[in-house]
file model22.tsv (TSV, C-alpha atoms)
chain	number	residue	atom	x	y	z
A	221	MET	CA	-133.92	117.80	-43.64
A	222	ALA	CA	-130.98	119.16	-41.65
A	223	ALA	CA	-132.37	117.87	-38.35
A	224	ASP	CA	-132.86	114.42	-39.92
A	225	LEU	CA	-129.27	114.32	-41.11
A	226	ASP	CA	-128.11	115.34	-37.63
A	227	GLU	CA	-129.79	112.52	-35.80
A	228	THR	CA	-130.23	109.67	-38.23
A	229	LEU	CA	-128.18	106.52	-37.88
A	230	VAL	CA	-128.52	105.90	-41.61
A	231	PHE	CA	-125.24	106.57	-43.35
A	232	GLN	CA	-126.06	108.91	-46.23
A	233	PRO	CA	-122.90	110.81	-47.15
A	234	ARG	CA	-123.71	113.93	-49.13
A	235	LEU	CA	-121.37	114.32	-52.07
A	236	ASP	CA	-120.99	117.80	-53.57
A	237	ALA	CA	-121.80	118.84	-57.14
A	238	GLN	CA	-118.53	117.25	-58.29
A	239	GLY	CA	-119.43	113.97	-56.58
A	240	LEU	CA	-116.86	114.50	-53.83
A	241	ILE	CA	-116.81	114.57	-50.05
A	242	PRO	CA	-113.91	116.01	-48.01
A	243	ALA	CA	-112.09	113.68	-45.64
A	244	ILE	CA	-110.06	114.76	-42.62
A	245	VAL	CA	-107.48	112.09	-41.76
A	246	THR	CA	-106.37	111.79	-38.15
A	247	ASP	CA	-103.95	109.47	-36.38
A	248	ALA	CA	-105.58	106.79	-34.21
A	249	GLY	CA	-102.66	107.06	-31.81
A	250	ASP	CA	-102.71	110.69	-30.77
A	251	GLY	CA	-105.48	112.27	-32.83
A	252	ARG	CA	-103.18	114.52	-34.84
A	253	VAL	CA	-104.53	115.73	-38.17
A	254	LEU	CA	-102.34	114.04	-40.78
A	255	MET	CA	-103.84	115.14	-44.08
A	256	PHE	CA	-106.94	116.31	-45.88
A	257	ALA	CA	-108.23	114.97	-49.18
A	258	HIS	CA	-111.40	114.25	-51.13
A	259	MET	CA	-113.22	111.00	-51.77
A	260	ASN	CA	-115.66	110.10	-54.49
A	261	GLU	CA	-118.12	107.24	-54.21
A	262	GLU	CA	-115.61	104.72	-55.55
A	263	ALA	CA	-112.82	105.89	-53.20
A	264	LEU	CA	-115.21	105.52	-50.29
A	265	ARG	CA	-116.30	102.08	-51.48
A	266	LEU	CA	-112.70	100.89	-51.88
A	267	THR	CA	-111.70	102.33	-48.52
A	268	ARG	CA	-114.52	100.44	-46.83
A	269	ALA	CA	-113.85	97.25	-48.78
A	270	THR	CA	-110.06	97.13	-48.29
A	271	GLY	CA	-109.57	98.97	-45.00
A	272	LEU	CA	-106.95	101.17	-46.70
A	273	ALA	CA	-107.57	104.84	-47.44
A	274	HIS	CA	-108.39	105.71	-51.05
A	275	PHE	CA	-109.06	109.21	-52.35
A	276	TRP	CA	-109.92	111.11	-55.50
A	277	SER	CA	-107.18	113.36	-56.76
A	278	ARG	CA	-108.75	116.58	-58.03
A	279	SER	CA	-105.50	117.72	-59.65
A	280	ARG	CA	-104.86	114.46	-61.49
A	281	GLN	CA	-108.55	113.51	-61.81
A	282	THR	CA	-107.84	109.94	-60.81
A	283	LEU	CA	-108.68	107.53	-58.07
A	284	TRP	CA	-105.72	107.30	-55.72
A	285	LYS	CA	-104.80	104.58	-53.27
A	286	LYS	CA	-102.85	106.48	-50.62
A	287	GLY	CA	-99.36	105.04	-50.40
A	288	GLU	CA	-99.47	103.23	-53.73
A	289	THR	CA	-96.25	104.96	-54.83
A	290	SER	CA	-94.66	105.83	-51.50
A	291	GLY	CA	-95.66	102.79	-49.45
A	292	GLU	CA	-97.23	105.15	-46.93
A	293	THR	CA	-100.57	103.39	-46.77
A	294	LEU	CA	-103.16	104.32	-44.14
A	295	ARG	CA	-105.04	101.56	-42.34
A	296	VAL	CA	-108.52	102.82	-41.51
A	297	VAL	CA	-109.61	102.17	-37.92
A	298	SER	CA	-112.86	104.18	-37.97
A	299	ILE	CA	-114.85	106.45	-40.21
A	300	LEU	CA	-116.82	109.27	-38.57
A	301	THR	CA	-119.31	111.58	-40.23
A	302	ASP	CA	-120.17	115.14	-39.26
A	303	CYS	CA	-123.62	116.40	-38.28
A	304	ASP	CA	-124.90	117.09	-41.79
A	305	GLN	CA	-122.97	114.21	-43.37
A	306	ASP	CA	-121.00	116.27	-45.86
A	307	VAL	CA	-117.57	115.68	-44.30
A	308	LEU	CA	-115.88	112.46	-43.19
A	309	GLN	CA	-113.14	111.86	-40.65
A	310	LEU	CA	-110.91	108.85	-41.23
A	311	ILE	CA	-109.13	107.67	-38.11
A	312	VAL	CA	-106.09	105.73	-39.31
A	313	ARG	CA	-102.95	103.89	-38.37
A	314	PRO	CA	-100.19	105.00	-40.74
A	315	GLU	CA	-98.16	102.16	-42.22
A	316	GLY	CA	-94.84	102.34	-44.06
A	317	ARG	CA	-92.54	104.86	-42.42
A	318	GLY	CA	-95.43	106.79	-40.92
A	319	ALA	CA	-95.19	109.83	-43.17
A	320	ALA	CA	-98.62	110.74	-44.49
A	321	CYS	CA	-97.28	113.87	-46.19
A	322	HIS	CA	-95.58	113.68	-49.59
A	323	THR	CA	-92.78	115.88	-48.15
A	324	GLY	CA	-91.75	112.98	-45.91
A	325	ARG	CA	-93.23	114.49	-42.78
A	326	ARG	CA	-95.68	112.71	-40.53
A	327	SER	CA	-98.42	115.28	-41.15
A	328	CYS	CA	-99.13	117.81	-43.90
A	329	PHE	CA	-99.75	120.40	-41.18
A	330	TYR	CA	-96.16	121.22	-40.22
A	331	ARG	CA	-96.21	125.02	-40.39
A	332	ARG	CA	-97.84	127.47	-38.02
A	333	LEU	CA	-98.75	131.06	-38.75
A	334	GLU	CA	-96.76	133.42	-36.52
A	335	GLY	CA	-97.52	137.06	-37.21
A	336	ASP	CA	-97.47	137.30	-40.99
A	337	SER	CA	-95.23	134.36	-41.78
A	338	LEU	CA	-94.95	130.65	-41.15
A	339	THR	CA	-92.84	128.76	-38.63
A	340	LEU	CA	-91.92	125.11	-38.97
A	341	VAL	CA	-93.42	123.15	-36.11
A	342	ASP	CA	-92.28	119.76	-37.42
A	343	ASP	CA	-89.34	119.33	-39.72
A	344	LEU	CA	-88.64	115.66	-39.14
A	345	ARG	CA	-88.55	113.88	-42.49
A	346	LEU	CA	-89.28	110.19	-42.29
A	347	PHE	CA	-88.27	109.70	-45.92
A	348	ASP	CA	-86.53	111.70	-48.61
A	349	PRO	CA	-89.22	112.77	-51.06
A	350	ALA	CA	-86.67	113.02	-53.88
A	351	LYS	CA	-86.09	109.26	-53.61
A	352	THR	CA	-89.72	108.29	-53.16
A	353	TYR	CA	-91.69	110.11	-55.84
B	71	MET	CA	-94.69	125.70	-57.74
B	72	ALA	CA	-95.81	122.83	-55.53
B	73	ALA	CA	-92.33	122.39	-54.02
B	74	ASP	CA	-92.18	126.13	-53.29
B	75	LEU	CA	-95.51	126.01	-51.50
B	76	ASP	CA	-94.30	123.02	-49.49
B	77	GLU	CA	-91.22	124.69	-48.08
B	78	THR	CA	-91.83	128.41	-48.09
B	79	LEU	CA	-92.34	130.27	-44.83
B	80	VAL	CA	-94.38	132.88	-46.67
B	81	PHE	CA	-98.04	132.52	-45.80
B	82	GLN	CA	-99.89	132.41	-49.10
B	83	PRO	CA	-103.21	130.63	-48.55
B	84	ARG	CA	-104.67	129.40	-51.81
B	85	LEU	CA	-108.36	130.14	-52.03
B	86	ASP	CA	-110.44	128.09	-54.45
B	87	ALA	CA	-112.46	129.37	-57.41
B	88	GLN	CA	-115.18	130.52	-54.99
B	89	GLY	CA	-112.63	132.43	-52.90
B	90	LEU	CA	-112.81	129.89	-50.07
B	91	ILE	CA	-110.37	127.76	-48.11
B	92	PRO	CA	-111.45	124.81	-45.93
B	93	ALA	CA	-110.65	124.96	-42.23
B	94	ILE	CA	-110.38	121.97	-39.90
B	95	VAL	CA	-111.03	123.03	-36.32
B	96	THR	CA	-109.38	121.05	-33.53
B	97	ASP	CA	-109.40	121.39	-29.76
B	98	ALA	CA	-106.18	122.74	-28.25
B	99	GLY	CA	-106.76	120.54	-25.22
B	100	ASP	CA	-106.90	117.07	-26.70
B	101	GLY	CA	-106.63	117.55	-30.44
B	102	ARG	CA	-110.13	116.30	-31.20
B	103	VAL	CA	-111.63	117.46	-34.48
B	104	LEU	CA	-114.52	119.73	-33.49
B	105	MET	CA	-115.87	120.99	-36.78
B	106	PHE	CA	-115.12	121.78	-40.40
B	107	ALA	CA	-116.04	124.96	-42.24
B	108	HIS	CA	-114.87	127.34	-44.95
B	109	MET	CA	-113.24	130.74	-44.69
B	110	ASN	CA	-113.06	133.52	-47.23
B	111	GLU	CA	-110.42	136.25	-47.13
B	112	GLU	CA	-112.50	138.42	-44.81
B	113	ALA	CA	-113.24	135.54	-42.41
B	114	LEU	CA	-109.53	134.80	-42.23
B	115	ARG	CA	-108.72	138.48	-41.70
B	116	LEU	CA	-111.29	138.81	-38.89
B	117	THR	CA	-110.13	135.58	-37.28
B	118	ARG	CA	-106.55	136.84	-37.21
B	119	ALA	CA	-107.56	140.32	-36.04
B	120	THR	CA	-109.93	139.25	-33.24
B	121	GLY	CA	-108.57	135.86	-32.22
B	122	LEU	CA	-112.07	134.41	-32.59
B	123	ALA	CA	-112.98	132.00	-35.38
B	124	HIS	CA	-114.97	133.46	-38.27
B	125	PHE	CA	-116.17	131.51	-41.29
B	126	TRP	CA	-118.06	131.91	-44.53
B	127	SER	CA	-121.40	130.14	-44.62
B	128	ARG	CA	-121.86	128.62	-48.06
B	129	SER	CA	-125.52	127.80	-47.40
B	130	ARG	CA	-126.42	131.28	-46.16
B	131	GLN	CA	-123.77	133.10	-48.24
B	132	THR	CA	-122.78	135.27	-45.30
B	133	LEU	CA	-119.80	135.91	-43.10
B	134	TRP	CA	-120.31	134.13	-39.82
B	135	LYS	CA	-118.73	134.74	-36.45
B	136	LYS	CA	-118.83	131.31	-34.83
B	137	GLY	CA	-120.88	131.54	-31.63
B	138	GLU	CA	-122.54	134.83	-32.46
B	139	THR	CA	-125.97	133.28	-31.86
B	140	SER	CA	-125.14	130.40	-29.56
B	141	GLY	CA	-122.36	131.97	-27.48
B	142	GLU	CA	-120.13	129.04	-28.50
B	143	THR	CA	-117.20	131.15	-29.65
B	144	LEU	CA	-113.86	129.58	-30.48
B	145	ARG	CA	-110.66	131.27	-29.26
B	146	VAL	CA	-107.94	130.59	-31.81
B	147	VAL	CA	-104.65	129.43	-30.30
B	148	SER	CA	-102.81	128.61	-33.55
B	149	ILE	CA	-103.41	128.46	-37.27
B	150	LEU	CA	-101.58	125.77	-39.24
B	151	THR	CA	-101.42	125.40	-42.99
B	152	ASP	CA	-101.00	122.22	-45.00
B	153	CYS	CA	-98.19	121.47	-47.44
B	154	ASP	CA	-99.74	123.15	-50.47
B	155	GLN	CA	-101.47	125.86	-48.47
B	156	ASP	CA	-105.00	125.11	-49.60
B	157	VAL	CA	-106.31	123.91	-46.22
B	158	LEU	CA	-106.04	125.49	-42.77
B	159	GLN	CA	-106.19	123.94	-39.32
B	160	LEU	CA	-107.46	126.16	-36.52
B	161	ILE	CA	-106.40	124.99	-33.07
B	162	VAL	CA	-108.91	126.49	-30.66
B	163	ARG	CA	-110.12	126.74	-27.10
B	164	PRO	CA	-113.90	126.48	-27.12
B	165	GLU	CA	-115.66	129.10	-25.01
B	166	GLY	CA	-119.29	129.18	-23.90
B	167	ARG	CA	-120.47	125.73	-22.92
B	168	GLY	CA	-117.86	124.04	-25.08
B	169	ALA	CA	-120.23	122.75	-27.74
B	170	ALA	CA	-118.85	123.55	-31.17
B	171	CYS	CA	-121.66	121.63	-32.89
B	172	HIS	CA	-125.07	123.23	-33.42
B	173	THR	CA	-126.64	120.04	-32.06
B	174	GLY	CA	-125.23	120.91	-28.64
B	175	ARG	CA	-122.47	118.34	-28.80
B	176	ARG	CA	-118.82	119.10	-28.26
B	177	SER	CA	-117.86	118.01	-31.79
B	178	CYS	CA	-119.75	117.64	-35.06
B	179	PHE	CA	-118.12	114.21	-35.46
B	180	TYR	CA	-120.26	112.20	-33.06
B	181	ARG	CA	-121.24	109.23	-35.25
B	182	ARG	CA	-119.09	106.34	-36.43
B	183	LEU	CA	-119.76	104.08	-39.35
B	184	GLU	CA	-120.29	100.50	-38.16
B	185	GLY	CA	-121.04	98.12	-41.01
B	186	ASP	CA	-123.62	99.98	-43.07
B	187	SER	CA	-125.05	102.25	-40.41
B	188	LEU	CA	-123.97	104.83	-37.88
B	189	THR	CA	-123.38	104.47	-34.15
B	190	LEU	CA	-123.40	107.39	-31.73
B	191	VAL	CA	-119.99	107.76	-30.15
B	192	ASP	CA	-120.88	110.93	-28.24
B	193	ASP	CA	-124.40	111.83	-27.27
B	194	LEU	CA	-123.66	114.30	-24.50
B	195	ARG	CA	-125.49	117.55	-25.23
B	196	LEU	CA	-123.97	120.59	-23.59
B	197	PHE	CA	-126.96	122.70	-24.55
B	198	ASP	CA	-130.45	122.16	-25.91
B	199	PRO	CA	-130.38	123.27	-29.54
B	200	ALA	CA	-134.12	124.00	-29.46
B	201	LYS	CA	-133.49	126.73	-26.89
B	202	THR	CA	-130.36	128.15	-28.50
B	203	TYR	CA	-131.16	128.62	-32.18

call {"tool": "encode", "arguments": {"input": "model22.tsv", "output": "structure tokens"}}
result
Amino acid sequence: MAADLDETLVFQPRLDAQGLIPAIVTDAGDGRVLMFAHMNEEALRLTRATGLAHFWSRSRQTLWKKGETSGETLRVVSILTDCDQDVLQLIVRPEGRGAACHTGRRSCFYRRLEGDSLTLVDDLRLFDPAKTY
Amino acid sequence: MAADLDETLVFQPRLDAQGLIPAIVTDAGDGRVLMFAHMNEEALRLTRATGLAHFWSRSRQTLWKKGETSGETLRVVSILTDCDQDVLQLIVRPEGRGAACHTGRRSCFYRRLEGDSLTLVDDLRLFDPAKTY
């Protein structure tokens, strides 16, 4: 089965036991990883139908149109799948102010491990989260 | 708690109920997403101690040094964490032949969704998987 999944051109995303598939979101401009979230079948369907990224919030247990509250929608340019079709990569053009992270930063990945602690590698806030959420 | 996790410089990775944290692996050269896997505490410890990526295989239920069989080790340049510290990004320099994917391709993300089916966006094989595994 694994070899089939590797080489097939049939799109058959494999959802986990909770009906979810992880999605890595990268910027179409420079390839930077912006965020990571999960999709269920409906989030994937809506993403494909509207061209805007939708996810499933595991903490709130709700379908979630990215940017619905903040305006930081993500326009999907391409969807890639990995070799065994249990992870997706969404290549997007950020809209709004270009801050995919709820902290107001462009990316959720703004801290790097240095020794035993973290260092900020990006502290530019494109919006004030206190005024947005 | 969420706001603390967002801004703290204390590294406190949040493992899930299975003791795992997802890791997105990107190429230090051009930022391309190469693969996606999970780490447990020991995989993270070994990765930090050796500078080579280690993961936890959920299918085999074993610790896994990436490249142990294939020679396709991944030298870790940086480790980033996301805003709520439940996802890691490993920025790596691929060693060996530079094929992070077990199919012999540079990246596991070599197919793009076009309409309802997949299109190969990268079919260059850097090794023959039949001879490697």

call {"tool": "closest_atom_pairs", "arguments": {"input": "model22.tsv", "of": "region 255-278 of chain A", "to": "region 320-339 of chain A", "cutoff": "12 Å", "atoms": "all atoms listed in the file", "output": "JSON lines"}}
result
{"residue": "A:Met255", "atom": "CA", "partner": "A:Cys328", "partner_atom": "CA", "distance": 5.4}
{"residue": "A:Phe256", "atom": "CA", "partner": "A:Cys328", "partner_atom": "CA", "distance": 8.2}
{"residue": "A:Ala257", "atom": "CA", "partner": "A:Cys328", "partner_atom": "CA", "distance": 10.9}
{"residue": "A:Ala273", "atom": "CA", "partner": "A:Ala320", "partner_atom": "CA", "distance": 11.1}

call {"tool": "write_last_selection", "arguments": {"input": "model22.tsv", "atoms": "C-alpha atoms", "output": "compact mmCIF listing (two decimals), in the coordinates of the input"}}
result
# COMPACT_ATOMS: atom_id res chain seq x y z
CA MET A 255 -103.84 115.14 -44.08
CA PHE A 256 -106.94 116.31 -45.88
CA ALA A 257 -108.23 114.97 -49.18
CA ALA A 273 -107.57 104.84 -47.44

call {"tool": "closest_residue", "arguments": {"input": "model22.tsv", "among": "B:Leu196, B:Ala87, B:Leu75, B:Ile149", "to": "chain A", "atoms": "only C-alpha atoms"}}
result
B:Ile149

call {"tool": "atom_distance", "arguments": {"input": "model22.tsv", "atom1": "CA of Leu114 (chain B)", "atom2": "CA of Arg84 (chain B)"}}
result
12.0 Å

call {"tool": "atom_distance", "arguments": {"input": "model22.tsv", "atom1": "CA of Lys136 (chain B)", "atom2": "CA of Gly168 (chain B)"}}
result
12.2 Å

call {"tool": "atom_distance", "arguments": {"input": "model22.tsv", "atom1": "CA of Gly141 (chain B)", "atom2": "CA of Pro199 (chain B)"}}
result
12.0 Å

call {"tool": "residues_near_point", "arguments": {"input": "model22.tsv", "point": "(-107.7, 114.7, -58.6)", "cutoff": "12 Å", "atoms": "all atoms listed in the file", "output": "VMD selection string"}}
result
chain A and resid 238 to 240 257 to 260 263 274 to 285

call {"tool": "write_last_selection", "arguments": {"input": "model22.tsv", "atoms": "C-alpha atoms", "output": "compact mmCIF listing (two decimals), in the frame of the given file"}}
result
# COMPACT_ATOMS: atom_id res chain seq x y z
CA GLN A 238 -118.53 117.25 -58.29
CA GLY A 239 -119.43 113.97 -56.58
CA LEU A 240 -116.86 114.50 -53.83
CA ALA A 257 -108.23 114.97 -49.18
CA HIS A 258 -111.40 114.25 -51.13
CA MET A 259 -113.22 111.00 -51.77
CA ASN A 260 -115.66 110.10 -54.49
CA ALA A 263 -112.82 105.89 -53.20
CA HIS A 274 -108.39 105.71 -51.05
CA PHE A 275 -109.06 109.21 -52.35
CA TRP A 276 -109.92 111.11 -55.50
CA SER A 277 -107.18 113.36 -56.76
CA ARG A 278 -108.75 116.58 -58.03
CA SER A 279 -105.50 117.72 -59.65
CA ARG A 280 -104.86 114.46 -61.49
CA GLN A 281 -108.55 113.51 -61.81
CA THR A 282 -107.84 109.94 -60.81
CA LEU A 283 -108.68 107.53 -58.07
CA TRP A 284 -105.72 107.30 -55.72
CA LYS A 285 -104.80 104.58 -53.27

call {"tool": "closest_residue", "arguments": {"input": "model22.tsv", "among": "A:Leu300, A:Ile244, A:Val312, A:Val307", "to": "chain B", "atoms": "only C-alpha atoms"}}
result
A:Leu300

call {"tool": "closest_residue", "arguments": {"input": "model22.tsv", "among": "A:Leu272, A:Leu235, A:Ala319, A:Val253", "to": "chain B", "atoms": "all atoms listed in the file"}}
result
A:Val253

call {"tool": "closest_residue", "arguments": {"input": "model22.tsv", "among": "B:Leu79, B:Val147, B:Leu104, B:Ala119", "to": "Arg163 (chain B)", "atoms": "all atoms listed in the file"}}
result
B:Val147

call {"tool": "decode", "arguments": {"input": "model22.tsv", "residues": "region 163-175 of chain B", "atoms": "all heavy atoms", "output": "PDB file, in the first residue's frame"}}
result
ATOM      1  N   ARG B 163      20.707  20.827   7.020  1.00  0.00           N
ATOM      2  CA  ARG B 163      21.482  20.609   5.805  1.00  0.00           C
ATOM      3  C   ARG B 163      21.491  19.114   5.536  1.00  0.00           C
ATOM      4  O   ARG B 163      22.086  18.351   6.290  1.00  0.00           O
ATOM      5  CB  ARG B 163      22.924  21.104   5.977  1.00  0.00           C
ATOM      6  CG  ARG B 163      23.009  22.594   6.050  1.00  0.00           C
ATOM      7  CD  ARG B 163      24.393  23.151   5.768  1.00  0.00           C
ATOM      8  NE  ARG B 163      24.403  24.555   6.095  1.00  0.00           N
ATOM      9  CZ  ARG B 163      23.888  25.536   5.325  1.00  0.00           C
ATOM     10  NH1 ARG B 163      23.366  25.244   4.149  1.00  0.00           N
ATOM     11  NH2 ARG B 163      23.915  26.783   5.709  1.00  0.00           N
ATOM     12  N   PRO B 164      20.835  18.701   4.448  1.00  0.00           N
ATOM     13  CA  PRO B 164      20.819  17.274   4.124  1.00  0.00           C
ATOM     14  C   PRO B 164      22.226  16.786   3.794  1.00  0.00           C
ATOM     15  O   PRO B 164      22.991  17.487   3.122  1.00  0.00           O
ATOM     16  CB  PRO B 164      19.904  17.192   2.904  1.00  0.00           C
ATOM     17  CG  PRO B 164      19.078  18.433   2.954  1.00  0.00           C
ATOM     18  CD  PRO B 164      19.981  19.480   3.528  1.00  0.00           C
ATOM     19  N   GLU B 165      22.547  15.594   4.280  1.00  0.00           N
ATOM     20  CA  GLU B 165      23.836  14.976   3.959  1.00  0.00           C
ATOM     21  C   GLU B 165      23.565  13.819   2.977  1.00  0.00           C
ATOM     22  O   GLU B 165      22.516  13.760   2.370  1.00  0.00           O
ATOM     23  CB  GLU B 165      24.501  14.522   5.257  1.00  0.00           C
ATOM     24  CG  GLU B 165      24.729  15.722   6.188  1.00  0.00           C
ATOM     25  CD  GLU B 165      25.390  15.372   7.502  1.00  0.00           C
ATOM     26  OE1 GLU B 165      25.152  14.275   8.031  1.00  0.00           O
ATOM     27  OE2 GLU B 165      26.151  16.213   8.003  1.00  0.00           O
ATOM     28  N   GLY B 166      24.483  12.920   2.838  1.00  0.00           N
ATOM     29  CA  GLY B 166      24.285  11.820   1.892  1.00  0.00           C
ATOM     30  C   GLY B 166      24.067  12.363   0.493  1.00  0.00           C
ATOM     31  O   GLY B 166      24.737  13.305   0.062  1.00  0.00           O
ATOM     32  N   ARG B 167      23.067  11.823  -0.180  1.00  0.00           N
ATOM     33  CA  ARG B 167      22.806  12.259  -1.556  1.00  0.00           C
ATOM     34  C   ARG B 167      21.794  13.395  -1.613  1.00  0.00           C
ATOM     35  O   ARG B 167      21.398  13.855  -2.681  1.00  0.00           O
ATOM     36  CB  ARG B 167      22.336  11.050  -2.377  1.00  0.00           C
ATOM     37  CG  ARG B 167      23.455  10.041  -2.569  1.00  0.00           C
ATOM     38  CD  ARG B 167      22.943   8.623  -2.757  1.00  0.00           C
ATOM     39  NE  ARG B 167      22.288   8.109  -1.547  1.00  0.00           N
ATOM     40  CZ  ARG B 167      21.911   6.844  -1.351  1.00  0.00           C
ATOM     41  NH1 ARG B 167      22.121   5.948  -2.304  1.00  0.00           N
ATOM     42  NH2 ARG B 167      21.323   6.473  -0.230  1.00  0.00           N
ATOM     43  N   GLY B 168      21.335  13.803  -0.441  1.00  0.00           N
ATOM     44  CA  GLY B 168      20.425  14.955  -0.386  1.00  0.00           C
ATOM     45  C   GLY B 168      18.978  14.608  -0.647  1.00  0.00           C
ATOM     46  O   GLY B 168      18.192  15.462  -1.039  1.00  0.00           O
ATOM     47  N   ALA B 169      18.635  13.340  -0.415  1.00  0.00           N
ATOM     48  CA  ALA B 169      17.258  12.904  -0.631  1.00  0.00           C
ATOM     49  C   ALA B 169      16.630  12.610   0.728  1.00  0.00           C
ATOM     50  O   ALA B 169      16.856  11.555   1.304  1.00  0.00           O
ATOM     51  CB  ALA B 169      17.224  11.657  -1.506  1.00  0.00           C
ATOM     52  N   ALA B 170      15.852  13.535   1.235  1.00  0.00           N
ATOM     53  CA  ALA B 170      15.220  13.315   2.538  1.00  0.00           C
ATOM     54  C   ALA B 170      14.091  12.301   2.446  1.00  0.00           C
ATOM     55  O   ALA B 170      13.748  11.660   3.428  1.00  0.00           O
ATOM     56  CB  ALA B 170      14.701  14.637   3.102  1.00  0.00           C
ATOM     57  N   CYS B 171      13.504  12.150   1.273  1.00  0.00           N
ATOM     58  CA  CYS B 171      12.348  11.253   1.117  1.00  0.00           C
ATOM     59  C   CYS B 171      12.809   9.833   0.813  1.00  0.00           C
ATOM     60  O   CYS B 171      13.756   9.633   0.046  1.00  0.00           O
ATOM     61  CB  CYS B 171      11.440  11.763   0.008  1.00  0.00           C
ATOM     62  SG  CYS B 171       9.942  10.769  -0.197  1.00  0.00           S
ATOM     63  N   HIS B 172      12.085   8.869   1.385  1.00  0.00           N
ATOM     64  CA  HIS B 172      12.457   7.455   1.176  1.00  0.00           C
ATOM     65  C   HIS B 172      12.252   7.009  -0.277  1.00  0.00           C
ATOM     66  O   HIS B 172      12.725   5.945  -0.676  1.00  0.00           O
ATOM     67  CB  HIS B 172      11.648   6.555   2.112  1.00  0.00           C
ATOM     68  CG  HIS B 172      10.230   6.376   1.661  1.00  0.00           C
ATOM     69  ND1 HIS B 172       9.265   7.350   1.829  1.00  0.00           N
ATOM     70  CD2 HIS B 172       9.626   5.375   1.004  1.00  0.00           C
ATOM     71  CE1 HIS B 172       8.129   6.923   1.311  1.00  0.00           C
ATOM     72  NE2 HIS B 172       8.316   5.731   0.808  1.00  0.00           N
ATOM     73  N   THR B 173      11.559   7.840  -1.067  1.00  0.00           N
ATOM     74  CA  THR B 173      11.388   7.493  -2.488  1.00  0.00           C
ATOM     75  C   THR B 173      12.614   7.894  -3.317  1.00  0.00           C
ATOM     76  O   THR B 173      12.634   7.674  -4.530  1.00  0.00           O
ATOM     77  CB  THR B 173      10.146   8.206  -3.093  1.00  0.00           C
ATOM     78  OG1 THR B 173      10.374   9.622  -3.066  1.00  0.00           O
ATOM     79  CG2 THR B 173       8.880   7.868  -2.325  1.00  0.00           C
ATOM     80  N   GLY B 174      13.588   8.520  -2.659  1.00  0.00           N
ATOM     81  CA  GLY B 174      14.788   8.957  -3.370  1.00  0.00           C
ATOM     82  C   GLY B 174      14.723  10.397  -3.826  1.00  0.00           C
ATOM     83  O   GLY B 174      15.671  10.916  -4.420  1.00  0.00           O
ATOM     84  N   ARG B 175      13.596  11.029  -3.555  1.00  0.00           N
ATOM     85  CA  ARG B 175      13.460  12.444  -3.940  1.00  0.00           C
ATOM     86  C   ARG B 175      13.974  13.356  -2.831  1.00  0.00           C
ATOM     87  O   ARG B 175      14.039  12.978  -1.673  1.00  0.00           O
ATOM     88  CB  ARG B 175      12.003  12.763  -4.264  1.00  0.00           C
ATOM     89  CG  ARG B 175      11.469  11.953  -5.460  1.00  0.00           C
ATOM     90  CD  ARG B 175      10.016  12.298  -5.709  1.00  0.00           C
ATOM     91  NE  ARG B 175       9.450  11.579  -6.848  1.00  0.00           N
ATOM     92  CZ  ARG B 175       8.814  10.407  -6.743  1.00  0.00           C
ATOM     93  NH1 ARG B 175       8.695   9.797  -5.585  1.00  0.00           N
ATOM     94  NH2 ARG B 175       8.311   9.831  -7.829  1.00  0.00           N
TER      95      ARG B 175
END
